[in-house]
Amino acid sequence: MALLALRLTDFRNIASLRIEVDGRDVFLIGDNGQGKTNFLEAVYLLCYGASFRTRNDRDLIANGSSEAAVWGRLAAGGEERGVGVGLGRSAGKRIAIDGKRIRDRAALIEFAPAIAFTHEDLRFIDGDPERRRSLFDHTLSLFNPSFIGVLRRYRRALRARNALLRAGDDRNAGMVDVYEPVLAAAGWEIRTRRSDLCAEFAAVFADLCDRIGGLSDANIEYRPSWREAASADDAAAELRGRRERDLAAGTTTSGPHRDDFRITLGQARFSAQGSTGQKRLASLVLRVAQAEFFERTTGRRPILLLDDVLLELDAGKREQFLRHLPSYDQAFFTFLPDEPYQRYGGAGTINLAVSGGAFTPCTAPATC
């Protein structure tokens with residue numbers, strides 16, 4: 001999968017951009033705040049219809065503008081598509097594939113997904129459980145977009161049950177009975193898929209942490225909320241058994257929305273035991289595992305987006321990490337001008353100097 005061309009108008013600090021990027025490796029070189037991450041964000045938007053930095057689409061529109069436009073030509077499996085995303089402060093978001101508007105973003109994921117390596121990934125290690133759940137759910141959605149439907153069913157049933165619990169009216173008990181089987185069935189499917197995925201992730205994670213960072217005792221364990229359940233019926237029984245407690249709390253206190261994935265180094269949590277560099281490495285390895293899992297399950301390679309994530313690694317671990325990158329058809333890297341990016345590129349690498357939202361091809365370090 002690859003991005004062949006990109007056009008941006010009033011997207012963050014990029015007023016206007018028309019560029020062809022038909023190369024395997026694309027290096028974006030510039031100081032902080034010049035537009036490198038905005039470029040990656042635009043590519044990600046074309047792949048998912050959403051940003052990896054914000055949930056508010058208005059943040060993507062340049063200051064003083066009422067709308068922004070992103071268009072790209074993507075290639076995958078011998079097929080090309082033109083994907084366009086329009087963003088308006090009042091009109092909202094519009095997504096089209098080859099000029100035909102789509103309503104469900106799952107259509108984008110099925111064609112050309114991307115894996116973004118960002119500083120925020122460190123929160124997989126030392127952040128809250130929701131962040132880790134999002135990584136595994138995103139991975140499952142990449143190779144099987146139908147999983148998005150399972151998540152949606154679960155979340156709808158969860159919202160409905162929680163609303164009834166907050167109302168606290170005994171007359172709502174019958175309605176709670178309606179939603180609990182739906183919640184349990186969708187939740188059990190989520191639990192099962194997360195468990196299977198974690199087993200595969202753990203093997204890749206442990207191997208790469210050892211080979212890249214010399215961490216021989218790194219691991220990931222799935223910690224489901226429904227620990228004693230062995231079926232969807234058991235999950236439904238647990239929901240019924242906790243109903244009085246949930247009524248008192250005004251919320252559903254068990255289920256996949258309370259799951260966690262325990263990332264460990266030795267017998268302790270990685271967040272408590274690992275150094276800053278080790279935690280950064282572990283967060284990168286999780287993304288590598290995500291990309292490798294996607295390729296194994298689909299036979300396709302995602303676009304890689306690496307946003308200044310090598311800075312916190314020492315030279316040796318940086319070289320090791322780059323040697324263990326997952327297979328890819330195209331990758332975008334961001335670098336500061338004083339980084340030794342020349343040693344990571346090849347004859348076909350596209351180097352773009354980035355300054356003030358402008359992107360200029362450069363052929364020598366002096367021009368970057």
# chains A, B, ... in the order shown; residues from 1 in each chain; ligands from 1

$ select_by_dssp --residues "stretch 78-270 of chain A" --states "strand (DSSP E or B)" --output "PyMOL selection string"
chain A and resi 79-88+92-97+100-102+114-117+218-223+260-265+268-269

$ residues_around --residues "stretch 18-33 of chain A" --least-positions-apart "3" --cutoff "6 Å" --atoms "only C-alpha atoms" --output "list of chain:residue names"
A:Leu4, A:Ala5, A:Leu6, A:Arg7, A:Asp329, A:Gln330, A:Ala331, A:Phe332, A:Phe333, A:Thr334, A:Phe335, A:Leu336, A:Pro337, A:Thr349, A:Ile350, A:Asn351, A:Leu352, A:Ala353, A:Val354

$ write_last_selection --atoms "all heavy atoms" --output "compact mmCIF listing (two decimals), in the first residue's frame"
# COMPACT_ATOMS: atom_id res chain seq x y z
N LEU A 4 0.41 7.87 -3.40
CA LEU A 4 1.08 8.31 -4.63
C LEU A 4 1.11 9.84 -4.75
O LEU A 4 2.07 10.40 -5.28
CB LEU A 4 0.37 7.72 -5.85
CG LEU A 4 0.22 6.20 -5.88
CD1 LEU A 4 -0.50 5.77 -7.15
CD2 LEU A 4 1.57 5.51 -5.75
N ALA A 5 0.07 10.50 -4.27
CA ALA A 5 -0.01 11.96 -4.39
C ALA A 5 -0.85 12.50 -3.25
O ALA A 5 -1.75 11.82 -2.74
CB ALA A 5 -0.61 12.36 -5.73
N LEU A 6 -0.56 13.74 -2.85
CA LEU A 6 -1.27 14.36 -1.75
C LEU A 6 -1.56 15.82 -2.08
O LEU A 6 -0.69 16.54 -2.59
CB LEU A 6 -0.43 14.29 -0.47
CG LEU A 6 -1.04 14.89 0.81
CD1 LEU A 6 -2.27 14.10 1.24
CD2 LEU A 6 0.00 14.91 1.92
N ARG A 7 -2.78 16.25 -1.80
CA ARG A 7 -3.16 17.65 -1.98
C ARG A 7 -3.83 18.14 -0.70
O ARG A 7 -4.75 17.49 -0.19
CB ARG A 7 -4.15 17.80 -3.15
CG ARG A 7 -3.60 17.35 -4.50
CD ARG A 7 -4.68 17.46 -5.57
NE ARG A 7 -4.23 16.88 -6.83
CZ ARG A 7 -5.02 16.68 -7.88
NH1 ARG A 7 -6.32 17.04 -7.81
NH2 ARG A 7 -4.57 16.14 -8.98
N ASP A 329 5.53 -1.26 2.22
CA ASP A 329 5.65 -0.76 0.85
C ASP A 329 6.02 0.71 0.84
O ASP A 329 6.61 1.21 -0.12
CB ASP A 329 4.33 -0.96 0.09
CG ASP A 329 4.01 -2.43 -0.14
OD1 ASP A 329 4.96 -3.20 -0.38
OD2 ASP A 329 2.83 -2.80 -0.08
N GLN A 330 5.64 1.42 1.93
CA GLN A 330 5.95 2.84 2.01
C GLN A 330 5.98 3.26 3.48
O GLN A 330 5.16 2.81 4.29
CB GLN A 330 4.91 3.67 1.26
CG GLN A 330 5.26 5.16 1.14
CD GLN A 330 4.21 5.91 0.35
OE1 GLN A 330 3.01 5.72 0.55
NE2 GLN A 330 4.65 6.76 -0.57
N ALA A 331 6.94 4.14 3.80
CA ALA A 331 7.03 4.66 5.16
C ALA A 331 7.41 6.14 5.10
O ALA A 331 8.21 6.56 4.26
CB ALA A 331 8.07 3.88 5.97
N PHE A 332 6.82 6.90 6.01
CA PHE A 332 7.12 8.33 6.15
C PHE A 332 7.80 8.53 7.51
O PHE A 332 7.28 8.10 8.54
CB PHE A 332 5.84 9.16 6.09
CG PHE A 332 5.15 9.12 4.75
CD1 PHE A 332 4.30 8.08 4.41
CD2 PHE A 332 5.34 10.15 3.83
CE1 PHE A 332 3.67 8.04 3.18
CE2 PHE A 332 4.71 10.13 2.60
CZ PHE A 332 3.88 9.08 2.27
N PHE A 333 8.95 9.20 7.49
CA PHE A 333 9.72 9.46 8.71
C PHE A 333 9.87 10.97 8.88
O PHE A 333 10.08 11.69 7.90
CB PHE A 333 11.13 8.86 8.63
CG PHE A 333 11.19 7.37 8.43
CD1 PHE A 333 10.98 6.81 7.17
CD2 PHE A 333 11.50 6.53 9.48
CE1 PHE A 333 11.07 5.43 6.97
CE2 PHE A 333 11.59 5.16 9.30
CZ PHE A 333 11.37 4.61 8.03
N THR A 334 9.81 11.45 10.12
CA THR A 334 10.13 12.86 10.38
C THR A 334 11.46 12.94 11.13
O THR A 334 11.75 12.12 12.00
CB THR A 334 9.03 13.54 11.22
OG1 THR A 334 8.98 12.96 12.52
CG2 THR A 334 7.69 13.42 10.54
N PHE A 335 12.27 13.94 10.77
CA PHE A 335 13.58 14.13 11.39
C PHE A 335 13.82 15.61 11.64
O PHE A 335 13.34 16.47 10.88
CB PHE A 335 14.70 13.63 10.47
CG PHE A 335 14.72 12.14 10.26
CD1 PHE A 335 14.21 11.58 9.09
CD2 PHE A 335 15.26 11.29 11.21
CE1 PHE A 335 14.24 10.22 8.88
CE2 PHE A 335 15.29 9.92 11.01
CZ PHE A 335 14.78 9.38 9.85
N LEU A 336 14.59 15.90 12.68
CA LEU A 336 15.11 17.25 12.86
C LEU A 336 16.32 17.42 11.96
O LEU A 336 16.99 16.43 11.60
CB LEU A 336 15.51 17.46 14.33
CG LEU A 336 14.36 17.44 15.34
CD1 LEU A 336 14.91 17.48 16.77
CD2 LEU A 336 13.41 18.61 15.11
N PRO A 337 16.65 18.64 11.56
CA PRO A 337 17.75 18.85 10.60
C PRO A 337 19.10 18.33 11.07
O PRO A 337 19.92 17.92 10.24
CB PRO A 337 17.78 20.38 10.44
CG PRO A 337 16.39 20.83 10.75
CD PRO A 337 15.93 19.91 11.84
N THR A 349 15.20 7.24 -1.70
CA THR A 349 14.53 7.99 -0.64
C THR A 349 14.17 9.40 -1.11
O THR A 349 14.98 10.09 -1.73
CB THR A 349 15.43 8.09 0.60
OG1 THR A 349 15.72 6.77 1.07
CG2 THR A 349 14.75 8.89 1.70
N ILE A 350 12.95 9.81 -0.82
CA ILE A 350 12.51 11.17 -1.12
C ILE A 350 12.73 12.02 0.13
O ILE A 350 12.18 11.73 1.20
CB ILE A 350 11.02 11.20 -1.50
CG1 ILE A 350 10.78 10.40 -2.79
CG2 ILE A 350 10.53 12.63 -1.67
CD1 ILE A 350 9.32 10.25 -3.16
N ASN A 351 13.56 13.06 0.02
CA ASN A 351 13.81 13.97 1.12
C ASN A 351 13.07 15.28 0.88
O ASN A 351 13.22 15.90 -0.16
CB ASN A 351 15.31 14.27 1.24
CG ASN A 351 16.11 13.05 1.67
OD1 ASN A 351 15.64 12.27 2.48
ND2 ASN A 351 17.30 12.90 1.12
N LEU A 352 12.27 15.69 1.87
CA LEU A 352 11.52 16.93 1.76
C LEU A 352 11.88 17.85 2.92
O LEU A 352 11.73 17.46 4.09
CB LEU A 352 10.01 16.65 1.78
CG LEU A 352 9.44 15.80 0.64
CD1 LEU A 352 7.97 15.50 0.89
CD2 LEU A 352 9.62 16.51 -0.69
N ALA A 353 12.36 19.03 2.60
CA ALA A 353 12.61 20.05 3.63
C ALA A 353 11.30 20.71 3.98
O ALA A 353 10.54 21.12 3.10
CB ALA A 353 13.62 21.07 3.11
N VAL A 354 11.02 20.83 5.29
CA VAL A 354 9.74 21.36 5.75
C VAL A 354 9.99 22.64 6.53
O VAL A 354 10.75 22.67 7.50
CB VAL A 354 9.02 20.33 6.65
CG1 VAL A 354 7.64 20.85 7.03
CG2 VAL A 354 8.92 18.98 5.96

$ closest_atom_pairs --of "stretch 78-163 of chain A" --to "stretch 200-206 of chain A" --cutoff "12 Å" --atoms "only C-alpha atoms" --output "Markdown table"
| residue | atom | partner | partner_atom | distance |
| --- | --- | --- | --- | --- |
| A:Leu135 | CA | A:Phe201 | CA | 11.0 |
| A:Phe136 | CA | A:Phe201 | CA | 9.2 |
| A:Thr139 | CA | A:Phe201 | CA | 10.3 |
| A:Leu140 | CA | A:Phe201 | CA | 11.6 |

$ write_last_selection --atoms "N, CA and C atoms" --output "short mmCIF file (atom, residue, chain, number, x, y, z; two decimals), in the first residue's frame"
data_model
loop_
_atom_site.label_atom_id
_atom_site.label_comp_id
_atom_site.auth_asym_id
_atom_site.auth_seq_id
_atom_site.Cartn_x
_atom_site.Cartn_y
_atom_site.Cartn_z
N LEU A 135 -5.39 0.18 21.59
CA LEU A 135 -4.39 -0.42 20.70
C LEU A 135 -4.86 -1.78 20.18
N PHE A 136 -5.35 -2.61 21.07
CA PHE A 136 -5.77 -3.94 20.66
C PHE A 136 -7.05 -3.89 19.82
N THR A 139 -6.12 -2.75 16.35
CA THR A 139 -5.47 -3.83 15.61
C THR A 139 -6.49 -4.82 15.08
N LEU A 140 -7.44 -5.20 15.91
CA LEU A 140 -8.47 -6.14 15.47
C LEU A 140 -9.31 -5.55 14.35
#

$ select_by_dssp --residues "stretch 268-323 of chain A" --states "helix (DSSP H, G or I)" --output "ChimeraX atom specification"
/A:270-273,276-298,315-323

$ write_last_selection --atoms "N, CA, C and O atoms" --output "compact mmCIF listing (two decimals), in the first residue's frame"
# COMPACT_ATOMS: atom_id res chain seq x y z
N PHE A 270 5.83 -2.75 33.60
CA PHE A 270 6.89 -2.10 32.82
C PHE A 270 6.98 -0.62 33.19
O PHE A 270 8.06 -0.04 33.25
N SER A 271 5.84 0.00 33.45
CA SER A 271 5.81 1.43 33.75
C SER A 271 6.60 1.75 35.01
O SER A 271 7.15 2.86 35.14
N ALA A 272 6.66 0.81 35.96
CA ALA A 272 7.38 1.04 37.21
C ALA A 272 8.83 0.59 37.13
O ALA A 272 9.70 1.16 37.79
N GLN A 273 9.11 -0.41 36.30
CA GLN A 273 10.43 -1.02 36.28
C GLN A 273 11.33 -0.46 35.19
O GLN A 273 12.55 -0.37 35.36
N THR A 276 13.12 5.38 30.99
CA THR A 276 12.40 6.13 29.95
C THR A 276 12.72 5.57 28.57
O THR A 276 11.83 5.39 27.73
N GLY A 277 14.00 5.27 28.31
CA GLY A 277 14.38 4.71 27.02
C GLY A 277 13.78 3.35 26.79
O GLY A 277 13.36 3.03 25.67
N GLN A 278 13.71 2.51 27.82
CA GLN A 278 13.13 1.18 27.68
C GLN A 278 11.63 1.26 27.42
O GLN A 278 11.08 0.50 26.62
N LYS A 279 10.96 2.20 28.09
CA LYS A 279 9.52 2.36 27.87
C LYS A 279 9.25 2.89 26.46
O LYS A 279 8.28 2.46 25.80
N ARG A 280 10.09 3.79 25.97
CA ARG A 280 9.93 4.27 24.60
C ARG A 280 10.13 3.12 23.62
O ARG A 280 9.35 2.96 22.67
N LEU A 281 11.14 2.30 23.85
CA LEU A 281 11.39 1.15 22.98
C LEU A 281 10.19 0.21 23.00
O LEU A 281 9.74 -0.28 21.95
N ALA A 282 9.66 -0.07 24.19
CA ALA A 282 8.52 -0.98 24.30
C ALA A 282 7.31 -0.44 23.53
O ALA A 282 6.58 -1.21 22.89
N SER A 283 7.09 0.87 23.58
CA SER A 283 5.95 1.45 22.86
C SER A 283 6.13 1.30 21.36
O SER A 283 5.16 1.04 20.62
N LEU A 284 7.37 1.43 20.87
CA LEU A 284 7.63 1.23 19.45
C LEU A 284 7.42 -0.23 19.05
O LEU A 284 6.87 -0.53 17.98
N VAL A 285 7.87 -1.13 19.90
CA VAL A 285 7.72 -2.56 19.62
C VAL A 285 6.25 -2.94 19.52
O VAL A 285 5.87 -3.79 18.70
N LEU A 286 5.39 -2.34 20.33
CA LEU A 286 3.96 -2.62 20.25
C LEU A 286 3.42 -2.26 18.86
O LEU A 286 2.59 -2.98 18.30
N ARG A 287 3.87 -1.14 18.32
CA ARG A 287 3.43 -0.76 16.97
C ARG A 287 3.98 -1.72 15.91
O ARG A 287 3.30 -2.04 14.94
N VAL A 288 5.22 -2.17 16.10
CA VAL A 288 5.78 -3.16 15.17
C VAL A 288 4.93 -4.43 15.20
O VAL A 288 4.60 -5.00 14.16
N ALA A 289 4.57 -4.86 16.40
CA ALA A 289 3.74 -6.06 16.53
C ALA A 289 2.40 -5.86 15.85
O ALA A 289 1.86 -6.78 15.20
N GLN A 290 1.84 -4.67 15.95
CA GLN A 290 0.57 -4.37 15.30
C GLN A 290 0.69 -4.51 13.78
O GLN A 290 -0.16 -5.13 13.13
N ALA A 291 1.75 -3.95 13.22
CA ALA A 291 1.96 -4.02 11.77
C ALA A 291 2.21 -5.46 11.31
O ALA A 291 1.71 -5.90 10.27
N GLU A 292 3.01 -6.20 12.09
CA GLU A 292 3.31 -7.58 11.70
C GLU A 292 2.05 -8.44 11.77
O GLU A 292 1.84 -9.31 10.92
N PHE A 293 1.22 -8.22 12.78
CA PHE A 293 -0.02 -8.97 12.89
C PHE A 293 -0.92 -8.69 11.70
O PHE A 293 -1.53 -9.60 11.12
N PHE A 294 -1.00 -7.43 11.31
CA PHE A 294 -1.83 -7.06 10.17
C PHE A 294 -1.35 -7.77 8.91
O PHE A 294 -2.16 -8.32 8.15
N GLU A 295 -0.04 -7.79 8.67
CA GLU A 295 0.47 -8.44 7.46
C GLU A 295 0.21 -9.94 7.48
O GLU A 295 -0.17 -10.54 6.47
N ARG A 296 0.41 -10.58 8.64
CA ARG A 296 0.19 -12.02 8.72
C ARG A 296 -1.26 -12.39 8.47
O ARG A 296 -1.55 -13.43 7.87
N THR A 297 -2.18 -11.57 8.93
CA THR A 297 -3.60 -11.93 8.83
C THR A 297 -4.24 -11.51 7.52
O THR A 297 -5.27 -12.07 7.14
N THR A 298 -3.66 -10.53 6.84
CA THR A 298 -4.27 -10.04 5.60
C THR A 298 -3.41 -10.23 4.37
O THR A 298 -3.90 -10.16 3.25
N ALA A 315 21.93 5.58 20.02
CA ALA A 315 22.29 5.25 18.63
C ALA A 315 22.18 3.77 18.35
O ALA A 315 21.69 3.35 17.30
N GLY A 316 22.63 2.94 19.30
CA GLY A 316 22.60 1.50 19.08
C GLY A 316 21.19 0.96 18.97
O GLY A 316 20.88 0.19 18.06
N LYS A 317 20.31 1.36 19.88
CA LYS A 317 18.93 0.86 19.84
C LYS A 317 18.18 1.43 18.64
O LYS A 317 17.30 0.77 18.08
N ARG A 318 18.55 2.64 18.23
CA ARG A 318 17.92 3.22 17.05
C ARG A 318 18.23 2.38 15.82
O ARG A 318 17.33 2.05 15.03
N GLU A 319 19.48 2.00 15.66
CA GLU A 319 19.87 1.17 14.52
C GLU A 319 19.17 -0.19 14.58
O GLU A 319 18.68 -0.71 13.57
N GLN A 320 19.10 -0.78 15.79
CA GLN A 320 18.45 -2.08 15.94
C GLN A 320 16.96 -1.98 15.60
O GLN A 320 16.42 -2.84 14.91
N PHE A 321 16.32 -0.92 16.07
CA PHE A 321 14.89 -0.78 15.80
C PHE A 321 14.63 -0.65 14.30
O PHE A 321 13.72 -1.30 13.77
N LEU A 322 15.40 0.16 13.62
CA LEU A 322 15.19 0.34 12.18
C LEU A 322 15.43 -0.95 11.42
O LEU A 322 14.77 -1.21 10.40
N ARG A 323 16.34 -1.78 11.90
CA ARG A 323 16.58 -3.07 11.24
C ARG A 323 15.41 -4.02 11.45
O ARG A 323 15.23 -4.96 10.66

$ closest_residue --among "A:Phe39, A:Ser141, A:Arg89, A:Gly346" --to "A:Leu306" --atoms "only C-alpha atoms"
A:Phe39

$ residues_around --residues "stretch 157-164 of chain A" --least-positions-apart "6" --cutoff "12 Å" --atoms "only C-alpha atoms" --output "JSON list (two decimals) with C-alpha atoms, in the first residue's frame"
[["chain", "number", "residue", "atom", "x", "y", "z"],
["A", 150, "VAL", "CA", -19.09, -5.60, 17.38],
["A", 151, "LEU", "CA", -17.61, -2.65, 19.26],
["A", 170, "ASP", "CA", -37.16, -0.15, 39.66],
["A", 171, "ARG", "CA", -39.62, 0.00, 36.78],
["A", 172, "ASN", "CA", -36.59, 0.01, 34.43],
["A", 173, "ALA", "CA", -35.57, -3.49, 35.51],
["A", 174, "GLY", "CA", -37.36, -5.06, 32.57],
["A", 175, "MET", "CA", -35.53, -2.81, 30.12],
["A", 176, "VAL", "CA", -32.20, -3.70, 31.73],
["A", 177, "ASP", "CA", -33.08, -7.34, 31.09],
["A", 178, "VAL", "CA", -33.42, -6.49, 27.40],
["A", 179, "TYR", "CA", -29.97, -4.95, 27.05],
["A", 180, "GLU", "CA", -27.92, -7.35, 29.16],
["A", 181, "PRO", "CA", -27.95, -10.30, 26.69],
["A", 182, "VAL", "CA", -26.85, -7.96, 23.88],
["A", 183, "LEU", "CA", -24.12, -6.51, 26.09],
["A", 184, "ALA", "CA", -22.96, -9.96, 27.13],
["A", 185, "ALA", "CA", -22.92, -11.42, 23.59],
["A", 186, "ALA", "CA", -20.98, -8.53, 22.06],
["A", 187, "GLY", "CA", -18.76, -8.25, 25.12],
["A", 239, "LEU", "CA", -24.12, -8.73, 34.80],
["A", 240, "ARG", "CA", -27.32, -9.85, 36.53],
["A", 243, "ARG", "CA", -26.98, -5.33, 39.03],
["A", 246, "ASP", "CA", -24.27, -1.25, 39.39],
["A", 247, "LEU", "CA", -27.50, 0.49, 40.36],
["A", 248, "ALA", "CA", -25.76, 1.93, 43.42],
["A", 249, "ALA", "CA", -22.81, 3.07, 41.29],
["A", 250, "GLY", "CA", -25.01, 4.32, 38.43],
["A", 251, "THR", "CA", -22.81, 2.56, 35.88],
["A", 252, "THR", "CA", -21.84, -0.89, 34.58],
["A", 253, "THR", "CA", -18.87, -2.00, 36.66],
["A", 254, "SER", "CA", -17.84, -5.09, 34.68],
["A", 255, "GLY", "CA", -17.24, -5.92, 31.04],
["A", 256, "PRO", "CA", -14.67, -5.34, 28.28],
["A", 257, "HIS", "CA", -14.74, -1.58, 28.94],
["A", 258, "ARG", "CA", -12.98, -2.45, 32.22]]

$ closest_residue --among "A:Ala232, A:Ala112, A:Ala15, A:Leu215" --to "A:Glu79" --atoms "only C-alpha atoms"
A:Ala112

$ closest_residue --among "A:Leu325, A:Leu17, A:Ser275, A:Ala229" --to "A:Leu313" --atoms "only C-alpha atoms"
A:Ser275

$ residues_around --residues "A:Ala116" --least-positions-apart "2" --cutoff "8 Å" --atoms "only C-alpha atoms" --output "PDB file with N, CA, C and O atoms, in the first residue's frame"
ATOM      1  N   TYR A  44      -2.804   9.940   7.556  1.00  0.00           N
ATOM      2  CA  TYR A  44      -3.612   9.111   8.456  1.00  0.00           C
ATOM      3  C   TYR A  44      -5.105   9.388   8.249  1.00  0.00           C
ATOM      4  O   TYR A  44      -5.927   8.467   8.243  1.00  0.00           O
ATOM      5  N   PHE A  52      -4.998  11.109  14.388  1.00  0.00           N
ATOM      6  CA  PHE A  52      -4.402  10.404  15.525  1.00  0.00           C
ATOM      7  C   PHE A  52      -4.028  11.376  16.646  1.00  0.00           C
ATOM      8  O   PHE A  52      -3.484  10.957  17.670  1.00  0.00           O
ATOM      9  N   ALA A 114      -3.000   2.601   7.872  1.00  0.00           N
ATOM     10  CA  ALA A 114      -1.666   3.077   8.228  1.00  0.00           C
ATOM     11  C   ALA A 114      -1.405   2.762   9.700  1.00  0.00           C
ATOM     12  O   ALA A 114      -2.336   2.655  10.495  1.00  0.00           O
ATOM     13  N   THR A 118       3.927   7.346  17.299  1.00  0.00           N
ATOM     14  CA  THR A 118       3.953   8.717  17.804  1.00  0.00           C
ATOM     15  C   THR A 118       4.429   8.752  19.255  1.00  0.00           C
ATOM     16  O   THR A 118       4.492   7.720  19.935  1.00  0.00           O
ATOM     17  N   ARG A 287       3.869  -1.144  18.316  1.00  0.00           N
ATOM     18  CA  ARG A 287       3.430  -0.757  16.974  1.00  0.00           C
ATOM     19  C   ARG A 287       3.981  -1.722  15.914  1.00  0.00           C
ATOM     20  O   ARG A 287       3.300  -2.041  14.938  1.00  0.00           O
ATOM     21  N   LEU A 304       3.526   3.004   6.950  1.00  0.00           N
ATOM     22  CA  LEU A 304       4.096   3.335   8.253  1.00  0.00           C
ATOM     23  C   LEU A 304       4.322   4.840   8.356  1.00  0.00           C
ATOM     24  O   LEU A 304       4.849   5.460   7.430  1.00  0.00           O
ATOM     25  N   LEU A 305       3.934   5.409   9.486  1.00  0.00           N
ATOM     26  CA  LEU A 305       4.118   6.834   9.760  1.00  0.00           C
ATOM     27  C   LEU A 305       4.901   6.949  11.070  1.00  0.00           C
ATOM     28  O   LEU A 305       4.379   6.617  12.133  1.00  0.00           O
ATOM     29  N   LEU A 306       6.154   7.413  10.990  1.00  0.00           N
ATOM     30  CA  LEU A 306       7.011   7.471  12.178  1.00  0.00           C
ATOM     31  C   LEU A 306       7.351   8.920  12.489  1.00  0.00           C
ATOM     32  O   LEU A 306       8.096   9.571  11.745  1.00  0.00           O
ATOM     33  N   ASP A 307       6.794   9.418  13.592  1.00  0.00           N
ATOM     34  CA  ASP A 307       6.865  10.837  13.915  1.00  0.00           C
ATOM     35  C   ASP A 307       7.862  11.114  15.045  1.00  0.00           C
ATOM     36  O   ASP A 307       7.501  11.096  16.226  1.00  0.00           O
TER      37      ASP A 307
END

$ closest_residue --among "A:Cys47, A:Asp59, A:Ala237, A:Ala107" --to "A:Val85" --atoms "only C-alpha atoms"
A:Cys47

$ closest_residue --among "A:Asp259, A:Glu238, A:Asp98, A:Asp308" --to "A:Ser225" --atoms "only C-alpha atoms"
A:Asp259
